[in-house]
$ cat my_file31.tsv   # TSV, C-alpha atoms
chain	number	residue	atom	x	y	z
A	17	MET	CA	-28.83	14.23	-0.29
A	18	ALA	CA	-27.25	14.40	-3.74
A	19	ASN	CA	-24.34	16.39	-2.32
A	20	LEU	CA	-23.62	13.69	0.25
A	21	GLU	CA	-23.75	10.92	-2.34
A	22	LYS	CA	-21.49	12.82	-4.73
A	23	HIS	CA	-18.97	13.55	-1.99
A	24	LEU	CA	-18.92	9.91	-0.92
A	25	GLU	CA	-18.40	8.89	-4.57
A	26	PHE	CA	-15.35	11.16	-4.74
A	27	ILE	CA	-13.90	9.54	-1.64
A	28	LEU	CA	-14.67	6.02	-2.89
A	29	SER	CA	-12.91	6.88	-6.12
A	30	ALA	CA	-9.79	7.89	-4.17
A	31	ILE	CA	-9.98	4.70	-2.10
A	32	SER	CA	-10.22	2.65	-5.28
A	33	ARG	CA	-7.18	4.39	-6.81
A	34	MET	CA	-5.10	3.77	-3.68
A	35	ALA	CA	-6.08	0.08	-3.64
A	36	GLN	CA	-5.23	-0.23	-7.34
A	37	ASN	CA	-1.84	1.43	-6.83
A	38	SER	CA	-1.11	-0.91	-3.94
A	39	PHE	CA	-2.02	-3.92	-6.07
A	40	LEU	CA	0.21	-2.70	-8.91
A	41	ALA	CA	3.12	-2.19	-6.50
A	42	ARG	CA	2.82	-5.81	-5.37
A	43	GLY	CA	2.71	-7.05	-8.94
A	44	TRP	CA	5.77	-5.06	-9.97
A	45	CYS	CA	7.62	-6.19	-6.87
A	46	ILE	CA	7.00	-9.85	-7.62
A	47	THR	CA	7.93	-9.37	-11.28
A	48	LEU	CA	11.20	-7.54	-10.56
A	49	THR	CA	12.16	-9.89	-7.75
A	50	THR	CA	11.54	-12.93	-9.93
A	51	ALA	CA	13.62	-11.45	-12.75
A	52	LEU	CA	16.49	-10.58	-10.41
A	53	LEU	CA	16.38	-14.03	-8.81
A	54	ALA	CA	16.57	-15.60	-12.26
A	55	VAL	CA	19.67	-13.55	-13.01
A	56	ALA	CA	21.13	-14.32	-9.58
A	57	SER	CA	20.64	-18.06	-10.05
A	58	ASN	CA	22.78	-17.94	-13.19
A	59	THR	CA	25.71	-16.25	-11.47
A	60	ASP	CA	28.07	-17.33	-8.75
A	61	ILE	CA	27.97	-13.94	-7.07
A	62	LYS	CA	26.01	-14.00	-3.81
A	63	VAL	CA	25.59	-10.23	-3.88
A	64	ALA	CA	23.10	-10.76	-6.72
A	65	TYR	CA	20.66	-12.21	-4.16
A	66	ALA	CA	21.01	-9.09	-2.03
A	67	LEU	CA	20.25	-6.99	-5.10
A	68	ALA	CA	17.05	-8.99	-5.54
A	69	GLY	CA	16.01	-7.72	-2.13
A	70	VAL	CA	16.23	-4.05	-3.12
A	71	PRO	CA	12.91	-3.93	-5.00
A	72	ILE	CA	11.24	-5.73	-2.12
A	73	ILE	CA	12.23	-3.01	0.33
A	74	VAL	CA	11.32	-0.20	-2.08
A	75	PHE	CA	7.93	-1.64	-2.98
A	76	TRP	CA	7.23	-2.54	0.64
A	77	VAL	CA	7.45	1.16	1.51
A	78	VAL	CA	5.44	2.21	-1.56
A	79	ASP	CA	2.74	-0.35	-0.82
A	80	ALA	CA	2.56	0.75	2.83
A	81	TYR	CA	2.28	4.37	1.71
A	82	TYR	CA	-0.73	3.62	-0.48
A	83	LEU	CA	-2.27	1.43	2.22
A	84	SER	CA	-1.97	4.24	4.76
A	85	LEU	CA	-3.57	6.68	2.31
A	86	GLU	CA	-6.37	4.21	1.63
A	87	ARG	CA	-7.01	3.82	5.36
A	88	ARG	CA	-7.12	7.60	5.81
A	89	TYR	CA	-9.65	7.96	3.03
A	90	ARG	CA	-11.75	5.23	4.63
A	91	LEU	CA	-11.74	7.22	7.87
A	92	LEU	CA	-12.72	10.34	5.94
A	93	TYR	CA	-15.53	8.38	4.30
A	94	GLU	CA	-16.86	7.34	7.71
A	95	GLN	CA	-16.63	10.90	8.98
A	96	ILE	CA	-18.45	12.36	5.98
A	97	ARG	CA	-21.08	9.63	6.03
A	98	MET	CA	-22.12	10.69	9.52
A	99	LYS	CA	-22.35	14.43	8.74
A	100	PRO	CA	-25.65	16.17	8.21
A	101	VAL	CA	-26.39	16.90	4.55
A	102	ASP	CA	-26.22	20.67	5.01
A	103	GLU	CA	-22.57	20.46	6.18
A	104	ILE	CA	-21.21	18.81	3.00
A	105	ASN	CA	-18.41	20.93	1.51
A	106	TYR	CA	-16.61	18.36	-0.69
A	107	ALA	CA	-13.46	18.53	1.46
A	108	MET	CA	-10.97	15.74	0.78
A	109	ASP	CA	-8.46	16.64	3.50
A	110	ILE	CA	-7.06	13.49	5.10
A	111	ARG	CA	-4.36	15.21	7.16
A	112	PRO	CA	-6.34	14.95	10.41
A	113	PHE	CA	-6.04	11.16	10.14
A	114	ALA	CA	-2.28	11.08	9.54
A	115	ARG	CA	-1.41	10.34	13.14
A	116	GLU	CA	-4.06	7.65	13.43
A	117	GLN	CA	-3.07	5.84	10.20
A	118	SER	CA	0.64	6.41	9.66
A	119	ILE	CA	2.82	4.78	7.05
A	120	PHE	CA	4.66	3.07	9.92
A	121	SER	CA	1.50	1.28	11.06
A	122	ALA	CA	0.86	0.19	7.46
A	123	LEU	CA	4.42	-1.12	7.08
A	124	PHE	CA	3.71	-3.74	9.72
A	125	SER	CA	0.15	-4.69	8.91
A	126	PRO	CA	-0.32	-8.48	8.71
A	127	LEU	CA	-0.98	-8.68	4.97
A	128	ILE	CA	2.00	-6.49	4.08
A	129	ILE	CA	4.27	-8.48	6.41
A	130	PHE	CA	3.05	-11.74	4.88
A	131	ILE	CA	3.62	-10.68	1.26
A	132	TYR	CA	6.98	-8.99	1.59
A	133	GLY	CA	8.21	-11.24	4.39
A	134	SER	CA	7.55	-14.25	2.17
A	135	LEU	CA	9.60	-12.72	-0.62
A	136	ILE	CA	12.48	-11.93	1.72
A	137	SER	CA	12.30	-15.47	3.14
A	138	LEU	CA	12.43	-16.85	-0.39
A	139	ILE	CA	15.56	-14.84	-1.15
A	140	GLY	CA	17.17	-16.01	2.08
A	141	PHE	CA	16.29	-19.63	1.31
A	142	LEU	CA	17.68	-19.42	-2.23
A	143	PHE	CA	20.81	-17.66	-0.98
A	144	PHE	CA	21.66	-20.55	1.30
A	145	VAL	CA	20.55	-23.33	-1.05
A	146	GLN	CA	22.47	-21.95	-4.03
A	147	GLY	CA	25.51	-21.11	-1.94

$ encode --input "my_file31.tsv" --output "C-alpha cells"
Amino acid sequence: MANLEKHLEFILSAISRMAQNSFLARGWCITLTTALLAVASNTDIKVAYALAGVPIIVFWVVDAYYLSLERRYRLLYEQIRMKPVDEINYAMDIRPFAREQSIFSALFSPLIIFIYGSLISLIGFLFFVQG
C-alpha cells in the first residue's frame, strides 16, 4: 500500500507543478500585455497594439501546453489509482494519453478561451477607441 501512495504522491506533485506553471504563464501574460498596452497608449502608432497581442498568443500556447500535461497526469493518476498494489512500478509515462488530451484540445478549453479571449478583446477595443 505504501508503494501506491508514494506513486500517487509523485503524480500529484507533477500535477501541482503543471498547475503552478499554468498560473505563472497567465500572470506573466497579463503583466506583459498591460505594460505593452501602456506603451501603446502613449504612442500614435497602431502597430503597438498588435505588438501587445504577441505575448497573448505566446502565453496562450504555453498555458495550453501545461494544461494538456496536467490533464494527462490526471489521467495517469486515475489509471494508477485503480491498479492492484502489486503492479506499482512508479512509471510516470503520460504518452499513452497524448491523443486523448492534446494541446489542441487545451487551446480551446472554456477557461483558456475566456482568459486569453478577454485580453484580445481588450486590445481590439483599445485599438479602435484610441484610433

$ closest_residue --input "my_file31.tsv" --among "A:Ala114, A:Leu85, A:Leu91, A:Ile46" --to "Gly69 (chain A)" --atoms "only C-alpha atoms"
A:Ile46

$ residues_around --input "my_file31.tsv" --residues "Gln146 (chain A)" --least-positions-apart "4" --cutoff "9 Å" --atoms "only C-alpha atoms" --output "VMD selection string"
chain A and resid 57 60 62 141 to 142

$ atom_distance --input "my_file31.tsv" --atom1 "CA of Phe26 (chain A)" --atom2 "CA of Gln95 (chain A)"
13.8 Å

$ residues_around --input "my_file31.tsv" --residues "region 51-55 of chain A" --least-positions-apart "5" --cutoff "10 Å" --atoms "only C-alpha atoms" --output "count of residues only"
14

$ closest_residue --input "my_file31.tsv" --among "A:Ala80, A:Ile96, A:Asn19, A:Arg88" --to "Arg115 (chain A)" --atoms "all atoms listed in the file"
A:Arg88

$ decode --input "my_file31.tsv" --residues "region 99-131 of chain A" --atoms "N, CA, C and O atoms" --output "PDB file, in the first residue's frame"
ATOM      1  N   LYS A  99      -5.020   0.443 -10.140  1.00  0.00           N
ATOM      2  CA  LYS A  99      -4.174  -0.747 -10.269  1.00  0.00           C
ATOM      3  C   LYS A  99      -4.058  -1.487  -8.944  1.00  0.00           C
ATOM      4  O   LYS A  99      -4.066  -0.865  -7.880  1.00  0.00           O
ATOM      5  N   PRO A 100      -3.869  -2.783  -9.030  1.00  0.00           N
ATOM      6  CA  PRO A 100      -3.560  -3.528  -7.806  1.00  0.00           C
ATOM      7  C   PRO A 100      -2.191  -3.106  -7.257  1.00  0.00           C
ATOM      8  O   PRO A 100      -1.307  -2.701  -8.012  1.00  0.00           O
ATOM      9  N   VAL A 101      -2.013  -3.212  -5.970  1.00  0.00           N
ATOM     10  CA  VAL A 101      -0.790  -2.747  -5.316  1.00  0.00           C
ATOM     11  C   VAL A 101       0.445  -3.471  -5.843  1.00  0.00           C
ATOM     12  O   VAL A 101       1.511  -2.862  -5.978  1.00  0.00           O
ATOM     13  N   ASP A 102       0.327  -4.716  -6.182  1.00  0.00           N
ATOM     14  CA  ASP A 102       1.500  -5.478  -6.635  1.00  0.00           C
ATOM     15  C   ASP A 102       1.953  -5.095  -8.051  1.00  0.00           C
ATOM     16  O   ASP A 102       3.017  -5.521  -8.484  1.00  0.00           O
ATOM     17  N   GLU A 103       1.208  -4.284  -8.764  1.00  0.00           N
ATOM     18  CA  GLU A 103       1.587  -3.856 -10.117  1.00  0.00           C
ATOM     19  C   GLU A 103       2.206  -2.457 -10.150  1.00  0.00           C
ATOM     20  O   GLU A 103       2.458  -1.925 -11.225  1.00  0.00           O
ATOM     21  N   ILE A 104       2.460  -1.844  -9.027  1.00  0.00           N
ATOM     22  CA  ILE A 104       3.012  -0.491  -8.975  1.00  0.00           C
ATOM     23  C   ILE A 104       4.482  -0.539  -9.360  1.00  0.00           C
ATOM     24  O   ILE A 104       5.275  -1.274  -8.776  1.00  0.00           O
ATOM     25  N   ASN A 105       4.856   0.251 -10.373  1.00  0.00           N
ATOM     26  CA  ASN A 105       6.242   0.276 -10.841  1.00  0.00           C
ATOM     27  C   ASN A 105       6.796   1.700 -10.931  1.00  0.00           C
ATOM     28  O   ASN A 105       7.849   1.907 -11.496  1.00  0.00           O
ATOM     29  N   TYR A 106       6.097   2.662 -10.401  1.00  0.00           N
ATOM     30  CA  TYR A 106       6.499   4.074 -10.377  1.00  0.00           C
ATOM     31  C   TYR A 106       6.651   4.685 -11.768  1.00  0.00           C
ATOM     32  O   TYR A 106       7.371   5.659 -11.946  1.00  0.00           O
ATOM     33  N   ALA A 107       5.981   4.143 -12.754  1.00  0.00           N
ATOM     34  CA  ALA A 107       6.042   4.692 -14.112  1.00  0.00           C
ATOM     35  C   ALA A 107       5.311   6.036 -14.152  1.00  0.00           C
ATOM     36  O   ALA A 107       4.252   6.200 -13.547  1.00  0.00           O
ATOM     37  N   MET A 108       5.903   6.985 -14.860  1.00  0.00           N
ATOM     38  CA  MET A 108       5.306   8.322 -14.997  1.00  0.00           C
ATOM     39  C   MET A 108       5.078   8.651 -16.471  1.00  0.00           C
ATOM     40  O   MET A 108       5.034   9.815 -16.850  1.00  0.00           O
ATOM     41  N   ASP A 109       4.936   7.639 -17.296  1.00  0.00           N
ATOM     42  CA  ASP A 109       4.782   7.823 -18.736  1.00  0.00           C
ATOM     43  C   ASP A 109       3.363   8.286 -19.064  1.00  0.00           C
ATOM     44  O   ASP A 109       2.393   7.568 -18.832  1.00  0.00           O
ATOM     45  N   ILE A 110       3.264   9.503 -19.613  1.00  0.00           N
ATOM     46  CA  ILE A 110       1.948  10.043 -19.971  1.00  0.00           C
ATOM     47  C   ILE A 110       1.705  10.020 -21.487  1.00  0.00           C
ATOM     48  O   ILE A 110       0.684  10.492 -21.953  1.00  0.00           O
ATOM     49  N   ARG A 111       2.634   9.444 -22.233  1.00  0.00           N
ATOM     50  CA  ARG A 111       2.474   9.388 -23.684  1.00  0.00           C
ATOM     51  C   ARG A 111       1.211   8.665 -24.146  1.00  0.00           C
ATOM     52  O   ARG A 111       0.619   9.073 -25.149  1.00  0.00           O
ATOM     53  N   PRO A 112       0.764   7.618 -23.449  1.00  0.00           N
ATOM     54  CA  PRO A 112      -0.468   6.958 -23.914  1.00  0.00           C
ATOM     55  C   PRO A 112      -1.701   7.876 -23.895  1.00  0.00           C
ATOM     56  O   PRO A 112      -2.677   7.601 -24.570  1.00  0.00           O
ATOM     57  N   PHE A 113      -1.626   8.969 -23.159  1.00  0.00           N
ATOM     58  CA  PHE A 113      -2.771   9.879 -23.063  1.00  0.00           C
ATOM     59  C   PHE A 113      -2.647  11.098 -23.988  1.00  0.00           C
ATOM     60  O   PHE A 113      -3.486  11.980 -23.947  1.00  0.00           O
ATOM     61  N   ALA A 114      -1.605  11.123 -24.803  1.00  0.00           N
ATOM     62  CA  ALA A 114      -1.356  12.288 -25.658  1.00  0.00           C
ATOM     63  C   ALA A 114      -2.474  12.517 -26.663  1.00  0.00           C
ATOM     64  O   ALA A 114      -2.854  13.657 -26.926  1.00  0.00           O
ATOM     65  N   ARG A 115      -3.002  11.462 -27.211  1.00  0.00           N
ATOM     66  CA  ARG A 115      -4.063  11.610 -28.208  1.00  0.00           C
ATOM     67  C   ARG A 115      -5.360  12.063 -27.546  1.00  0.00           C
ATOM     68  O   ARG A 115      -6.105  12.865 -28.084  1.00  0.00           O
ATOM     69  N   GLU A 116      -5.593  11.568 -26.345  1.00  0.00           N
ATOM     70  CA  GLU A 116      -6.828  11.881 -25.632  1.00  0.00           C
ATOM     71  C   GLU A 116      -6.850  13.324 -25.115  1.00  0.00           C
ATOM     72  O   GLU A 116      -7.886  13.969 -25.090  1.00  0.00           O
ATOM     73  N   GLN A 117      -5.686  13.817 -24.685  1.00  0.00           N
ATOM     74  CA  GLN A 117      -5.584  15.173 -24.132  1.00  0.00           C
ATOM     75  C   GLN A 117      -4.483  15.922 -24.873  1.00  0.00           C
ATOM     76  O   GLN A 117      -3.378  16.089 -24.372  1.00  0.00           O
ATOM     77  N   SER A 118      -4.781  16.384 -26.058  1.00  0.00           N
ATOM     78  CA  SER A 118      -3.788  17.082 -26.873  1.00  0.00           C
ATOM     79  C   SER A 118      -3.720  18.560 -26.498  1.00  0.00           C
ATOM     80  O   SER A 118      -4.613  19.095 -25.832  1.00  0.00           O
ATOM     81  N   ILE A 119      -2.657  19.188 -26.943  1.00  0.00           N
ATOM     82  CA  ILE A 119      -2.513  20.628 -26.707  1.00  0.00           C
ATOM     83  C   ILE A 119      -3.609  21.384 -27.454  1.00  0.00           C
ATOM     84  O   ILE A 119      -4.078  22.427 -26.996  1.00  0.00           O
ATOM     85  N   PHE A 120      -4.047  20.837 -28.583  1.00  0.00           N
ATOM     86  CA  PHE A 120      -5.103  21.494 -29.358  1.00  0.00           C
ATOM     87  C   PHE A 120      -6.407  21.549 -28.574  1.00  0.00           C
ATOM     88  O   PHE A 120      -7.100  22.567 -28.580  1.00  0.00           O
ATOM     89  N   SER A 121      -6.743  20.457 -27.885  1.00  0.00           N
ATOM     90  CA  SER A 121      -7.977  20.465 -27.087  1.00  0.00           C
ATOM     91  C   SER A 121      -7.861  21.433 -25.918  1.00  0.00           C
ATOM     92  O   SER A 121      -8.842  22.050 -25.515  1.00  0.00           O
ATOM     93  N   ALA A 122      -6.656  21.587 -25.373  1.00  0.00           N
ATOM     94  CA  ALA A 122      -6.453  22.526 -24.272  1.00  0.00           C
ATOM     95  C   ALA A 122      -6.492  23.974 -24.752  1.00  0.00           C
ATOM     96  O   ALA A 122      -6.917  24.863 -24.010  1.00  0.00           O
ATOM     97  N   LEU A 123      -6.061  24.221 -25.977  1.00  0.00           N
ATOM     98  CA  LEU A 123      -6.087  25.585 -26.525  1.00  0.00           C
ATOM     99  C   LEU A 123      -7.494  26.168 -26.527  1.00  0.00           C
ATOM    100  O   LEU A 123      -7.669  27.373 -26.392  1.00  0.00           O
ATOM    101  N   PHE A 124      -8.477  25.315 -26.703  1.00  0.00           N
ATOM    102  CA  PHE A 124      -9.851  25.783 -26.828  1.00  0.00           C
ATOM    103  C   PHE A 124     -10.736  25.353 -25.667  1.00  0.00           C
ATOM    104  O   PHE A 124     -11.949  25.252 -25.821  1.00  0.00           O
ATOM    105  N   SER A 125     -10.128  25.137 -24.514  1.00  0.00           N
ATOM    106  CA  SER A 125     -10.945  24.852 -23.336  1.00  0.00           C
ATOM    107  C   SER A 125     -11.606  26.158 -22.885  1.00  0.00           C
ATOM    108  O   SER A 125     -11.083  27.250 -23.118  1.00  0.00           O
ATOM    109  N   PRO A 126     -12.755  26.089 -22.264  1.00  0.00           N
ATOM    110  CA  PRO A 126     -13.510  27.308 -21.933  1.00  0.00           C
ATOM    111  C   PRO A 126     -12.749  28.329 -21.087  1.00  0.00           C
ATOM    112  O   PRO A 126     -12.810  29.524 -21.368  1.00  0.00           O
ATOM    113  N   LEU A 127     -12.027  27.872 -20.085  1.00  0.00           N
ATOM    114  CA  LEU A 127     -11.289  28.811 -19.234  1.00  0.00           C
ATOM    115  C   LEU A 127     -10.187  29.524 -20.007  1.00  0.00           C
ATOM    116  O   LEU A 127     -10.023  30.748 -19.894  1.00  0.00           O
ATOM    117  N   ILE A 128      -9.460  28.780 -20.819  1.00  0.00           N
ATOM    118  CA  ILE A 128      -8.366  29.361 -21.610  1.00  0.00           C
ATOM    119  C   ILE A 128      -8.937  30.363 -22.613  1.00  0.00           C
ATOM    120  O   ILE A 128      -8.391  31.455 -22.783  1.00  0.00           O
ATOM    121  N   ILE A 129     -10.022  30.000 -23.272  1.00  0.00           N
ATOM    122  CA  ILE A 129     -10.660  30.918 -24.225  1.00  0.00           C
ATOM    123  C   ILE A 129     -11.117  32.187 -23.514  1.00  0.00           C
ATOM    124  O   ILE A 129     -10.935  33.296 -24.023  1.00  0.00           O
ATOM    125  N   PHE A 130     -11.691  32.047 -22.337  1.00  0.00           N
ATOM    126  CA  PHE A 130     -12.176  33.208 -21.597  1.00  0.00           C
ATOM    127  C   PHE A 130     -11.032  34.152 -21.235  1.00  0.00           C
ATOM    128  O   PHE A 130     -11.120  35.364 -21.467  1.00  0.00           O
ATOM    129  N   ILE A 131      -9.958  33.619 -20.696  1.00  0.00           N
ATOM    130  CA  ILE A 131      -8.835  34.458 -20.245  1.00  0.00           C
ATOM    131  C   ILE A 131      -8.176  35.166 -21.422  1.00  0.00           C
ATOM    132  O   ILE A 131      -8.059  36.393 -21.441  1.00  0.00           O
TER     133      ILE A 131
END
